[in-house]
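J.: Sharing run-v4.txt here; it has compact mmCIF, C-alpha atoms.
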```
# COMPACT_ATOMS: atom_id res chain seq x y z
CA MET Y 1 152.14 53.22 22.18
CA GLN Y 2 153.02 56.46 20.37
CA ARG Y 3 151.52 58.53 23.20
CA ILE Y 4 153.75 56.76 25.75
CA LEU Y 5 156.79 57.41 23.55
CA ASP Y 6 155.77 61.06 23.16
CA ILE Y 7 155.65 61.59 26.92
CA LEU Y 8 158.94 59.77 27.47
CA PHE Y 9 160.86 61.59 24.73
CA ALA Y 10 159.39 65.04 25.44
CA GLY Y 11 160.13 64.80 29.15
CA LEU Y 12 163.65 63.54 28.53
CA ALA Y 13 164.30 66.26 25.95
CA LEU Y 14 163.23 69.00 28.37
CA LEU Y 15 165.63 67.66 31.00
CA VAL Y 16 168.55 67.29 28.60
CA LEU Y 17 167.98 70.65 26.89
CA ALA Y 18 167.41 72.66 30.09
CA PRO Y 19 170.99 74.08 30.07
CA LEU Y 20 170.32 75.39 26.55
CA LEU Y 21 166.76 76.59 27.10
CA VAL Y 22 167.52 78.72 30.17
CA PRO Y 23 170.00 81.02 28.32
CA VAL Y 24 167.50 81.37 25.47
CA LEU Y 25 164.84 82.49 27.98
CA VAL Y 26 167.21 85.10 29.41
CA VAL Y 27 168.28 86.47 26.01
CA LEU Y 28 164.67 86.77 24.83
CA ARG Y 29 163.64 88.55 28.03
CA PHE Y 30 166.26 91.25 27.58
CA THR Y 31 166.29 91.66 23.79
CA GLY Y 32 163.78 92.52 21.09
CA GLU Y 33 160.37 93.29 22.56
CA GLY Y 34 161.08 91.37 25.78
CA GLU Y 35 158.65 88.57 24.92
CA ILE Y 36 159.70 84.98 25.68
CA PHE Y 37 156.86 82.88 24.30
CA PHE Y 38 154.55 83.26 21.34
CA ARG Y 39 151.21 81.49 21.67
CA GLN Y 40 149.00 81.02 18.63
CA GLU Y 41 145.78 79.12 18.04
CA ARG Y 42 146.30 76.10 15.79
CA ILE Y 43 144.06 73.29 14.58
CA GLY Y 44 144.62 69.99 16.39
CA LYS Y 45 143.25 66.47 16.43
CA ALA Y 46 139.53 66.21 15.59
CA GLY Y 47 139.70 69.82 14.38
CA GLU Y 48 139.90 71.18 17.93
CA PRO Y 49 141.91 74.38 18.37
CA PHE Y 50 144.77 74.59 20.87
CA GLY Y 51 147.42 77.14 21.84
CA LEU Y 52 150.73 76.26 20.18
CA LEU Y 53 153.87 77.55 21.94
CA LYS Y 54 157.04 78.86 20.32
CA PHE Y 55 159.86 81.08 21.42
CA ALA Y 56 159.11 84.62 20.30
CA THR Y 57 161.05 85.37 17.12
CA MET Y 58 158.94 88.07 15.46
CA LEU Y 59 157.30 91.39 16.27
CA LYS Y 60 154.23 90.97 18.50
CA ASP Y 61 151.76 92.09 15.82
CA SER Y 62 153.45 90.21 12.96
CA PRO Y 63 150.29 88.26 11.86
CA ASN Y 64 148.71 91.63 11.05
CA LEU Y 65 151.78 93.02 9.27
CA GLY Y 66 153.43 92.40 5.90
CA THR Y 67 152.68 88.95 4.51
CA GLY Y 68 150.58 87.88 7.50
CA THR Y 69 150.90 84.17 8.30
CA VAL Y 70 153.38 83.60 5.46
CA THR Y 71 157.02 84.17 6.49
CA VAL Y 72 159.43 84.97 3.65
CA THR Y 73 163.22 85.01 3.40
CA ASP Y 74 164.75 87.95 5.30
CA ASP Y 75 161.30 88.85 6.62
CA PRO Y 76 161.68 92.24 8.34
CA ARG Y 77 159.27 91.18 11.10
CA VAL Y 78 161.77 88.61 12.41
CA LEU Y 79 163.87 89.91 15.30
CA PRO Y 80 167.71 89.53 15.18
CA PHE Y 81 167.96 86.75 17.80
CA GLY Y 82 164.82 85.26 16.31
CA ARG Y 83 166.66 84.63 13.05
CA PHE Y 84 169.11 82.39 14.89
CA LEU Y 85 166.31 80.56 16.70
CA ARG Y 86 164.40 79.97 13.47
CA LYS Y 87 167.45 78.82 11.52
CA THR Y 88 168.39 76.27 14.20
CA LYS Y 89 164.72 75.34 14.84
CA LEU Y 90 165.22 76.13 18.54
CA ASN Y 91 162.12 78.32 18.37
CA GLU Y 92 160.03 75.13 18.11
CA LEU Y 93 161.24 73.57 21.39
CA PRO Y 94 158.48 75.00 23.65
CA GLN Y 95 156.14 72.66 21.78
CA LEU Y 96 157.59 69.90 23.94
CA LEU Y 97 155.15 71.28 26.54
CA ASN Y 98 152.31 70.92 24.00
CA ILE Y 99 153.35 67.29 23.60
CA LEU Y 100 153.27 66.63 27.34
CA THR Y 101 149.77 68.11 27.60
CA GLY Y 102 148.54 65.86 24.78
CA ASP Y 103 147.86 68.53 22.16
CA MET Y 104 150.73 67.35 19.96
CA SER Y 105 152.98 64.40 19.17
CA ILE Y 106 156.68 64.24 18.37
CA ILE Y 107 155.74 63.20 14.81
CA GLY Y 108 152.65 64.20 12.85
CA PRO Y 109 151.28 66.79 10.43
CA ARG Y 110 152.41 70.28 11.34
CA PRO Y 111 149.61 72.16 13.16
CA GLN Y 112 148.24 75.04 11.10
CA THR Y 113 146.39 78.26 11.81
CA ARG Y 114 142.76 78.29 10.70
CA ARG Y 115 143.63 80.32 7.60
CA CYS Y 116 146.39 77.88 6.61
CA PHE Y 117 144.37 74.78 7.49
CA ASP Y 118 141.56 76.01 5.26
CA ALA Y 119 144.07 76.19 2.38
CA PHE Y 120 144.39 72.37 2.46
CA PRO Y 121 142.12 70.52 0.03
CA GLY Y 122 139.07 69.03 1.77
CA GLU Y 123 140.29 65.43 1.62
CA ALA Y 124 143.58 66.43 3.23
CA GLN Y 125 141.77 68.26 6.03
CA ALA Y 126 139.67 65.17 6.75
CA ASP Y 127 142.75 62.94 7.06
CA ILE Y 128 144.98 65.37 8.97
CA VAL Y 129 142.55 65.79 11.88
CA LYS Y 130 142.56 62.02 12.48
CA VAL Y 131 145.92 62.31 14.29
CA ARG Y 132 147.69 64.64 16.71
CA PRO Y 133 149.76 67.32 14.96
CA GLY Y 134 153.52 66.93 15.29
CA LEU Y 135 156.63 68.81 16.28
CA SER Y 136 158.10 67.34 13.11
CA GLY Y 137 156.83 65.15 10.31
CA ILE Y 138 157.15 64.41 6.64
CA GLY Y 139 155.72 67.82 5.67
CA SER Y 140 158.21 69.61 7.92
CA ILE Y 141 161.10 67.59 6.50
CA VAL Y 142 160.26 68.15 2.84
CA PHE Y 143 159.48 71.85 3.44
CA ARG Y 144 162.45 72.44 5.79
CA GLY Y 145 163.46 75.56 3.83
CA GLU Y 146 159.97 76.81 3.07
CA GLU Y 147 160.79 80.49 3.59
CA SER Y 148 163.23 80.38 0.65
CA LEU Y 149 160.43 79.31 -1.69
CA TYR Y 150 159.00 82.81 -1.54
CA SER Y 151 162.22 84.51 -2.62
CA GLY Y 152 161.52 86.71 -5.64
CA VAL Y 153 157.82 85.80 -5.67
CA ASP Y 154 155.45 88.74 -6.25
CA ASP Y 155 152.45 87.09 -4.58
CA PRO Y 156 153.47 84.72 -1.75
CA ASP Y 157 149.83 84.04 -0.83
CA ASP Y 158 149.08 82.79 -4.34
CA LEU Y 159 152.07 80.43 -4.28
CA TYR Y 160 151.06 79.21 -0.83
CA ASP Y 161 147.43 78.53 -1.69
CA ARG Y 162 147.91 77.29 -5.26
CA LEU Y 163 150.93 74.97 -4.87
CA ILE Y 164 152.40 74.68 -1.39
CA MET Y 165 149.36 73.73 0.67
CA PRO Y 166 147.87 71.26 -1.85
CA TYR Y 167 151.24 69.48 -2.00
CA LYS Y 168 151.68 69.60 1.78
CA GLY Y 169 148.25 68.05 2.02
CA GLU Y 170 149.39 65.12 -0.16
CA LEU Y 171 152.44 64.59 2.05
CA GLU Y 172 150.42 64.63 5.26
CA ARG Y 173 147.87 62.22 3.82
CA TRP Y 174 150.77 59.91 2.90
CA TYR Y 175 151.90 59.99 6.54
CA VAL Y 176 148.43 59.42 8.04
CA ALA Y 177 147.88 56.37 5.79
CA ARG Y 178 151.21 54.81 6.84
CA ARG Y 179 151.66 55.97 10.44
CA GLY Y 180 153.08 53.53 12.93
CA VAL Y 181 155.92 53.11 15.41
CA GLY Y 182 158.44 52.23 12.70
CA LEU Y 183 157.73 55.35 10.66
CA TYR Y 184 157.65 57.37 13.91
CA PHE Y 185 161.25 56.43 14.74
CA LEU Y 186 162.40 56.81 11.14
CA LEU Y 187 161.03 60.36 10.90
CA ILE Y 188 162.62 61.32 14.24
CA GLY Y 189 165.99 60.17 12.91
CA LEU Y 190 165.40 61.91 9.58
CA THR Y 191 164.51 65.15 11.37
CA ALA Y 192 167.84 65.08 13.24
CA TRP Y 193 169.66 64.34 9.98
CA ILE Y 194 168.24 67.30 8.06
CA VAL Y 195 168.95 69.69 10.93
CA LEU Y 196 172.61 68.74 10.51
CA PHE Y 197 172.50 68.40 6.71
CA PRO Y 198 169.65 70.62 5.46
CA ARG Y 199 170.56 70.17 1.79
CA SER Y 200 170.40 66.38 1.96
CA GLY Y 201 168.02 64.64 -0.42
CA ILE Y 202 167.89 61.47 1.65
CA VAL Y 203 164.11 61.72 2.15
CA TRP Y 204 163.54 60.83 -1.52
CA ARG Y 205 165.84 57.80 -1.27
CA LEU Y 206 164.23 56.54 1.93
CA PHE Y 207 160.69 56.99 0.63
CA PRO Y 208 160.67 56.40 -3.15
CA GLY Y 209 156.86 56.30 -3.09
CA LEU Y 210 156.52 59.73 -1.52
CA PRO Y 211 154.27 62.09 -3.51
CA ARG Y 212 156.44 64.16 -5.84
CA PRO Y 213 156.31 67.96 -5.76
CA PRO Y 214 154.78 70.06 -8.52
CA ARG Y 215 157.22 71.05 -11.26
CA GLU Y 216 157.31 74.65 -10.05
CA LEU Y 217 158.41 73.62 -6.54
CA ALA Y 218 160.64 70.63 -7.32
CA PRO Y 219 163.92 72.50 -7.96
CA LYS Y 220 163.72 74.16 -4.52
CA LEU Y 221 162.82 71.10 -2.44
```
Would you kindly transcribe this structure into structure tokens?

T.:
Amino acid sequence: MQRILDILFAGLALLVLAPLLVPVLVVLRFTGEGEIFFRQERIGKAGEPFGLLKFATMLKDSPNLGTGTVTVTDDPRVLPFGRFLRKTKLNELPQLLNILTGDMSIIGPRPQTRRCFDAFPGEAQADIVKVRPGLSGIGSIVFRGEESLYSGVDDPDDLYDRLIMPYKGELERWYVARRGVGLYFLLIGLTAWIVLFPRSGIVWRLFPGLPRPPRELAPKL
């Protein structure tokens, strides 16, 4: 059932958003480094890798520069128009094509690079690969402002590996254990809500049983 809904919603979204996507394509082609899409290998269902699509928002060689796969606040690798795309989450829209091809779902654990996937605890890895990764999901909602977590941090990689990924793993395991059509629709609605109201704490009221963040992260989530 979820696969049918994915195809229906992704196809409809591409049609509805076409008037917005075309100008983005043109601006990207003639600004920055002239790249339109960024394709990166991510870990999908059953642990199989696939090529995730995004609009290009950073320098071409950004994974080999600065903080690597960790993007921090005011990251100098992010291009000017890319900042707008990332803030509005428009950079994620090409993943609608990944959904149509069956690599992703509208809702699921966010697909990770191999380095980031390996930072999950083993039990989280085992659960996450049971389902298709998602354009949005509980992890994406809770960590909607993840880049700000690294502000003023001397070692972003340590924070990422020690606190962020273990907690993300708990959130994704919570989703996998409870997935279903009802939660699917609820998380779609919640995603739209936090795009409009990013400071809202409604996720904690809707899901009182959601795993709570570590003390060090809690004030920023």

J.: Once you count only C-alpha atoms, which residues end up no further than 12 Å from (163.3, 79.0, 7.1) in the file's frame, shown as a compact mmCIF listing (two decimals) with C-alpha atoms, in the coordinates of the input?

T.:
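point-v6.txt, freshly written:
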```txt
# COMPACT_ATOMS: atom_id res chain seq x y z
CA VAL Y 70 153.38 83.60 5.46
CA THR Y 71 157.02 84.17 6.49
CA VAL Y 72 159.43 84.97 3.65
CA THR Y 73 163.22 85.01 3.40
CA ASP Y 74 164.75 87.95 5.30
CA ASP Y 75 161.30 88.85 6.62
CA VAL Y 78 161.77 88.61 12.41
CA GLY Y 82 164.82 85.26 16.31
CA ARG Y 83 166.66 84.63 13.05
CA PHE Y 84 169.11 82.39 14.89
CA LEU Y 85 166.31 80.56 16.70
CA ARG Y 86 164.40 79.97 13.47
CA LYS Y 87 167.45 78.82 11.52
CA THR Y 88 168.39 76.27 14.20
CA LYS Y 89 164.72 75.34 14.84
CA LEU Y 90 165.22 76.13 18.54
CA ASN Y 91 162.12 78.32 18.37
CA SER Y 140 158.21 69.61 7.92
CA ILE Y 141 161.10 67.59 6.50
CA PHE Y 143 159.48 71.85 3.44
CA ARG Y 144 162.45 72.44 5.79
CA GLY Y 145 163.46 75.56 3.83
CA GLU Y 146 159.97 76.81 3.07
CA GLU Y 147 160.79 80.49 3.59
CA SER Y 148 163.23 80.38 0.65
CA LEU Y 149 160.43 79.31 -1.69
CA TYR Y 150 159.00 82.81 -1.54
CA SER Y 151 162.22 84.51 -2.62
CA VAL Y 195 168.95 69.69 10.93
CA PRO Y 198 169.65 70.62 5.46
```

J.: Have a look at Y:Val24, Y:Leu8, Y:Leu186, Y:Leu96 and name the one nearest to Y:Thr57; count all atoms listed in the file.

T.: Y:Val24

J.: Of the candidates Y:Pro208, Y:Gly102, Y:Gly201, Y:Pro76, which shows the shortest atom-to-atom distance to Y:Lys220, using only C-alpha atoms?

T.: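 Of all the options, Y:Gly201 lies closest to Y:Lys220.
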
J.: Rank Y:Thr101, Y:Ser136, Y:Ser200, Y:Gln95 by their smallest atom-to-atom distance to Y:Ile188, using only C-alpha atoms, and report the top residue only.

T.: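 Ranking Y:Thr101, Y:Ser136, Y:Ser200, Y:Gln95 by distance to Y:Ile188, first place goes to Y:Ser136.
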
J.: Calculated over all atoms listed in the file, which of the candidates Y:Pro94, Y:Pro80, Y:Gly47, Y:Gly137 has the smallest distance to Y:Phe117?

T.: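 Of all the options, Y:Gly47 lies closest to Y:Phe117.
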
J.: List every protein, DNA or RNA residue with an atom no more than 12 Å from (163.1, 85.5, 25.3) in the file's coordinates, counting only C-alpha atoms, and format the result as a ChimeraX atom specification.

T.: /Y:21-38,54-58,79-82,85,90-91,94

J.: Can you tell me, as a ChimeraX atom specification, what residues are no more than 6 Å from Y:Gly134 when counting all atoms listed in the file, ignoring any on the same chain fewer than 2 positions away?

T.: /Y:104-110,136

J.: Write out as an mmCIF file with C-alpha atoms, in the coordinates of the input each polymer residue whose atoms come within 12 Å of Y:Gly122, counting all atoms listed in the file; drop sequence neighbours fewer than 6 positions from it.

T.:
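Output (result24.cif):
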```cif
data_model
loop_
_atom_site.group_PDB
_atom_site.id
_atom_site.type_symbol
_atom_site.label_atom_id
_atom_site.label_comp_id
_atom_site.auth_asym_id
_atom_site.auth_seq_id
_atom_site.Cartn_x
_atom_site.Cartn_y
_atom_site.Cartn_z
ATOM 1 C CA ILE Y 128 144.980 65.370 8.970
ATOM 2 C CA VAL Y 129 142.550 65.790 11.880
ATOM 3 C CA MET Y 165 149.360 73.730 0.670
ATOM 4 C CA PRO Y 166 147.870 71.260 -1.850
ATOM 5 C CA GLY Y 169 148.250 68.050 2.020
ATOM 6 C CA GLU Y 170 149.390 65.120 -0.160
ATOM 7 C CA ARG Y 173 147.870 62.220 3.820
#
```

J.: When you count all atoms listed in the file, which of these residues is closest to Y:Pro211: Y:Leu12, Y:Gly180, Y:Ile138, Y:Tyr160?

T.: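 Distance minimum relative to Y:Pro211 lands on Y:Ile138.
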
J.: Can you tell me how far atom CA of Y:Leu171 sits from atom CA of Y:Gly139, in Å to one decimal?

T.: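 The value is 5.9 Å.
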
J.: One decimal, Å: what's the distance from atom CA of Y:Glu92 over to atom CA of Y:Leu53, could you say?

T.: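 Answer for the atom CA of Y:Glu92 to atom CA of Y:Leu53 separation: 7.6 Å.
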
J.: Nearest to Y:Leu14 among Y:Leu93, Y:Cys116, Y:Leu206, Y:Leu221, with distances taken over only C-alpha atoms: which residue is it?

T.: Y:Leu93

J.: Applying 10 Å and only C-alpha atoms, which residues near Y:Asp161 remain after dropping the ones on its own chain fewer than 5 positions away? List them as a list of chain:residue names.

T.: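 These residues fall inside the cut-off: Y:Cys116, Y:Asp118, Y:Ala119, Y:Phe120, Y:Pro121, Y:Pro156, Y:Pro166, Y:Tyr167.
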
J.: Between atom CA of Y:Arg132 and atom CA of Y:Leu59, measure the distance and give it in Å to one decimal.

T.: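 Distance between the two atoms: 28.4 Å.
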